[in-house]
Structure formats: structure tokens, C-alpha cells
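Student: I'd like to ask you about the structure that follows.
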Amino acid sequence: MKKEFVARRVDVKLFAQAGTSLSAVETLADHERLAQEAQGPLDGLMVNWSARGEMRAGADGSDEIWLHLQAQTRLPLLCQRCMGPVDTEIQADRWFRFAADEATAAALDEEADEDVLVLSTDLDLSALVEDELLLALPLVPRHDRCPVEVKLAVADADFEATSAVKASPFAALASLRLDKPG
């Protein structure tokens, strides 16, 4: 009998031992935290993801539990150069290794390139997808070439004129100085 896996509650060990894959196409609205990053309507925006479990031989010969996760979506973000909307492709492609407990996961995570998570019998793959896509968001979203001309001035003319007229704060001290005959 083949075990059926549900994305919201995956027994990671069984998933890897079976070498199973899961994939889904979900609406962006299903991922509330990710949807909050969108700077436009969510209509038609989808999150595509797939996950595959596998067992690998560890350095000591024991079996290790691994999960490969791939996810992508397109989000309307705010361009930080022109302040207009910019459609941004967000992708995540990550490997996860699983450890029996928190202490082992923390120790392995220090030396590993991949993320090390604690083994779970009810891992929420959909939440993991959302976490990884949030981590993949650009720090500064922007167009490759903005559709409008971007004003690159630091200050305006009124600011420059005001600062030119402003007297030095030390000018008042000069009037207090007493000239002593030498």
C-alpha cells in the first residue's frame, strides 16, 4: 500500500524513505505573509512549488534524511528607484537535511552549507515554501530600466539657497572676542 502525503502535514522520514515528490500550484492569497509583500492586486498570482524527499548515506554510513524544495512566484513590488510597480520573479531552490533533535540540528547547521532542520512527523511544506520565498525577496526591488526618468538630485534649489544664506554658528562667537593689546 502506497502512503499518501498531504502538504500541510508531512512525515519527513516516511516521505524521504519512500522517495516521494509533492508539487502544487497555489494562489498567492493562500500564503498570507507573502501576499502582504505584494504592492498590487493578487488576482491571478500563483505560487508553484515541488518537494522531493530522499535518503542519503552520511559520512558515518548512517542514512540521512534530505528534502529538496523548489518554489517560484511573481510578485508586484515597489521599485525603490522610481517608486513605481515592478513585477519581480521570486525563486527558491533549497536542500534541507534533517536531524533527530534541536541540539544535533544546531551542531550540524554550523558546519553545513544546506539548512539543517529538526525531524518532524507533521512538517507543513506549504509554510516552508512561504518561508523560503520570503527569504528570497530582493532587499531592494527595482526595475532593470525604470519606465520613467528618475530624478537623481539629492537636494532641491530652495534647499541650496537657504543653506548659502545661513551664517556660520561661530560668527556670533567672534563678537564676544576681546582684542587684547599684545
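In the C-alpha cells, chains take letters A, B, ... by order of appearance, with residues numbered from 1 within each chain and ligands from 1 in the order shown.
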Need to verify the contact set: Ala24 of chain A, 9 Å, only C-alpha atoms, exclusion of same-chain residues closer than 6 positions in sequence. Can you return it as a PyMOL selection string?
Tutor: chain A and resi 7+47-50
Student: Go ahead and dump the residues you just picked, N, CA and C atoms, as a compact mmCIF listing (two decimals), in the first residue's frame.
Tutor:
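Generated file (part-v1.txt):
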```
# COMPACT_ATOMS: atom_id res chain seq x y z
N ALA A 7 0.46 18.03 1.89
CA ALA A 7 1.47 19.09 2.02
C ALA A 7 1.46 19.78 3.38
N VAL A 47 1.67 30.57 -6.73
CA VAL A 47 2.92 30.05 -6.18
C VAL A 47 3.04 28.61 -6.66
N ASN A 48 4.11 28.31 -7.39
CA ASN A 48 4.38 26.95 -7.87
C ASN A 48 5.50 26.37 -7.03
N TRP A 49 5.31 25.15 -6.56
CA TRP A 49 6.37 24.54 -5.76
C TRP A 49 6.38 23.03 -5.93
N SER A 50 7.54 22.45 -5.64
CA SER A 50 7.68 21.00 -5.63
C SER A 50 8.69 20.63 -4.54
```
Student: Can you tell me, as an mmCIF file with N, CA and C atoms, in the first residue's frame, what residues are no more than 7 Å from Ala38 of chain A when counting only C-alpha atoms, ignoring any on the same chain fewer than 5 positions away?
Tutor:
```cif
data_model
loop_
_atom_site.group_PDB
_atom_site.id
_atom_site.type_symbol
_atom_site.label_atom_id
_atom_site.label_comp_id
_atom_site.auth_asym_id
_atom_site.auth_seq_id
_atom_site.Cartn_x
_atom_site.Cartn_y
_atom_site.Cartn_z
ATOM 1 N N LEU A 75 5.775 38.520 -8.016
ATOM 2 C CA LEU A 75 5.119 39.482 -7.126
ATOM 3 C C LEU A 75 5.242 40.893 -7.672
ATOM 4 N N PRO A 76 4.183 41.682 -7.570
ATOM 5 C CA PRO A 76 4.318 43.105 -7.862
ATOM 6 C C PRO A 76 4.891 43.790 -6.614
ATOM 7 N N LEU A 77 6.091 44.308 -6.748
ATOM 8 C CA LEU A 77 6.748 45.001 -5.638
ATOM 9 C C LEU A 77 6.905 46.473 -5.991
#
```
Student: With distances taken over only C-alpha atoms, which residue among A:Leu34, A:Cys82, A:Ala174, A:Leu67 lies nearest Val116 of chain A?
Tutor: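 Selected residue with least distance to Val116 of chain A: A:Leu67.
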Student: Kindly give the distance, in Å, that separates atom CA of His31 of chain A and atom CA of Ser126 of chain A, rounded to a single decimal.
Tutor: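 That distance, rounded to one decimal, is 8.1 Å.
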Student: Counting only C-alpha atoms, what are the residues of segment 43-84 of chain A within 8 Å of segment 133-146 of chain A, and for each of them which pair of atoms is the nearest and at what distance in Å, to one decimal? Sort the table by chain and rising number, as a tab-separated table.
Tutor:
```
residue	atom	partner	partner_atom	distance
A:Ala71	CA	A:Leu133	CA	7.2
A:Gln72	CA	A:Leu133	CA	7.3
A:Leu77	CA	A:Pro141	CA	6.7
A:Leu78	CA	A:Pro141	CA	6.5
A:Cys79	CA	A:Arg142	CA	4.1
A:Gln80	CA	A:Arg142	CA	5.6
A:Arg81	CA	A:Arg142	CA	6.1
A:Cys82	CA	A:Cys146	CA	6.5
```
Student: Go through segment 2-66 of chain A and collect every residue that DSSP, computed from the backbone, puts in alpha helix (DSSP H); the answer should be as a list in words.
Tutor: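 Here is the list: Val12, Lys13, Leu14, Phe15, Ala16, Gln17, Glu32, Arg33, Leu34 and Ala35 of chain A.
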Student: Could you turn the residues from that selection into a file that holds C-alpha atoms, as a tab-separated table (two decimals), in the first residue's frame?
Tutor:
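Saved result, out.tsv, follows:
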```tsv
chain	number	residue	atom	x	y	z
A	12	VAL	CA	9.51	13.76	6.68
A	13	LYS	CA	11.17	10.42	7.42
A	14	LEU	CA	8.47	8.40	5.63
A	15	PHE	CA	8.45	10.94	2.79
A	16	ALA	CA	12.22	10.53	2.29
A	17	GLN	CA	12.20	6.75	2.70
A	32	GLU	CA	-0.79	35.38	3.72
A	33	ARG	CA	2.65	36.69	4.74
A	34	LEU	CA	3.93	36.59	1.17
A	35	ALA	CA	0.75	38.24	-0.13
```
Student: What's the separation between atom CA of Asp87 of chain A and atom CA of Ala29 of chain A, in Å to one decimal place?
Tutor: 16.7 Å
Student: Based on the backbone DSSP call, show me all residues of segment 16-164 of chain A assigned strand (DSSP E or B), as a VMD selection string.
Tutor: chain A and resid 21 to 27 46 to 57 63 to 78 85 to 99 115 to 118 123
Student: Keeping C-alpha atoms for every residue in the selection just given, could you write it to a file as a compact mmCIF listing (two decimals), in the first residue's frame?
Tutor:
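Full text of again_2.txt as output:
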```txt
# COMPACT_ATOMS: atom_id res chain seq x y z
CA SER A 21 7.59 14.02 -4.52
CA LEU A 22 4.83 16.52 -3.95
CA SER A 23 4.03 19.58 -6.01
CA ALA A 24 1.31 22.19 -6.07
CA VAL A 25 0.15 25.37 -7.69
CA GLU A 26 -1.47 27.56 -5.04
CA THR A 27 -2.91 31.05 -5.15
CA MET A 46 0.23 31.84 -8.18
CA VAL A 47 2.92 30.05 -6.18
CA ASN A 48 4.38 26.95 -7.87
CA TRP A 49 6.37 24.54 -5.76
CA SER A 50 7.68 21.00 -5.63
CA ALA A 51 9.39 18.96 -2.91
CA ARG A 52 11.22 15.65 -3.13
CA GLY A 53 12.43 13.52 -0.25
CA GLU A 54 15.42 11.18 -0.36
CA MET A 55 17.67 9.14 1.85
CA ARG A 56 21.44 9.58 1.52
CA ALA A 57 24.35 7.81 3.15
CA ASP A 63 21.09 7.12 6.50
CA GLU A 64 20.38 10.84 6.39
CA ILE A 65 17.02 12.36 5.56
CA TRP A 66 17.01 15.05 2.86
CA LEU A 67 14.38 17.25 1.24
CA HIS A 68 14.78 19.26 -1.96
CA LEU A 69 12.42 22.22 -2.26
CA GLN A 70 11.87 24.38 -5.34
CA ALA A 71 9.39 27.26 -5.45
CA GLN A 72 8.66 30.27 -7.60
CA THR A 73 6.19 33.09 -7.89
CA ARG A 74 5.90 36.54 -9.42
CA LEU A 75 5.12 39.48 -7.13
CA PRO A 76 4.32 43.11 -7.86
CA LEU A 77 6.75 45.00 -5.64
CA LEU A 78 7.63 48.69 -5.29
CA PRO A 85 5.35 48.90 -9.51
CA VAL A 86 7.83 46.26 -10.68
CA ASP A 87 6.92 42.61 -11.36
CA THR A 88 9.59 40.54 -9.65
CA GLU A 89 10.30 36.85 -10.16
CA ILE A 90 10.97 35.19 -6.79
CA GLN A 91 12.62 31.75 -6.74
CA ALA A 92 13.85 29.40 -4.06
CA ASP A 93 15.84 26.21 -4.64
CA ARG A 94 16.99 24.71 -1.34
CA TRP A 95 18.19 21.44 0.15
CA PHE A 96 17.34 20.58 3.74
CA ARG A 97 18.89 17.88 5.88
CA PHE A 98 17.03 16.63 8.94
CA ALA A 99 18.41 15.84 12.38
CA ASP A 115 19.91 24.10 6.14
CA VAL A 116 19.50 21.54 8.90
CA LEU A 117 16.03 21.19 10.40
CA VAL A 118 14.65 19.07 13.21
CA LEU A 123 6.07 19.32 8.55
```
Student: Distance atom CA of Asp122 of chain A-atom CA of Glu102 of chain A, one decimal place?
Tutor: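 Result for atom CA of Asp122 of chain A versus atom CA of Glu102 of chain A: 15.9 Å, one decimal.
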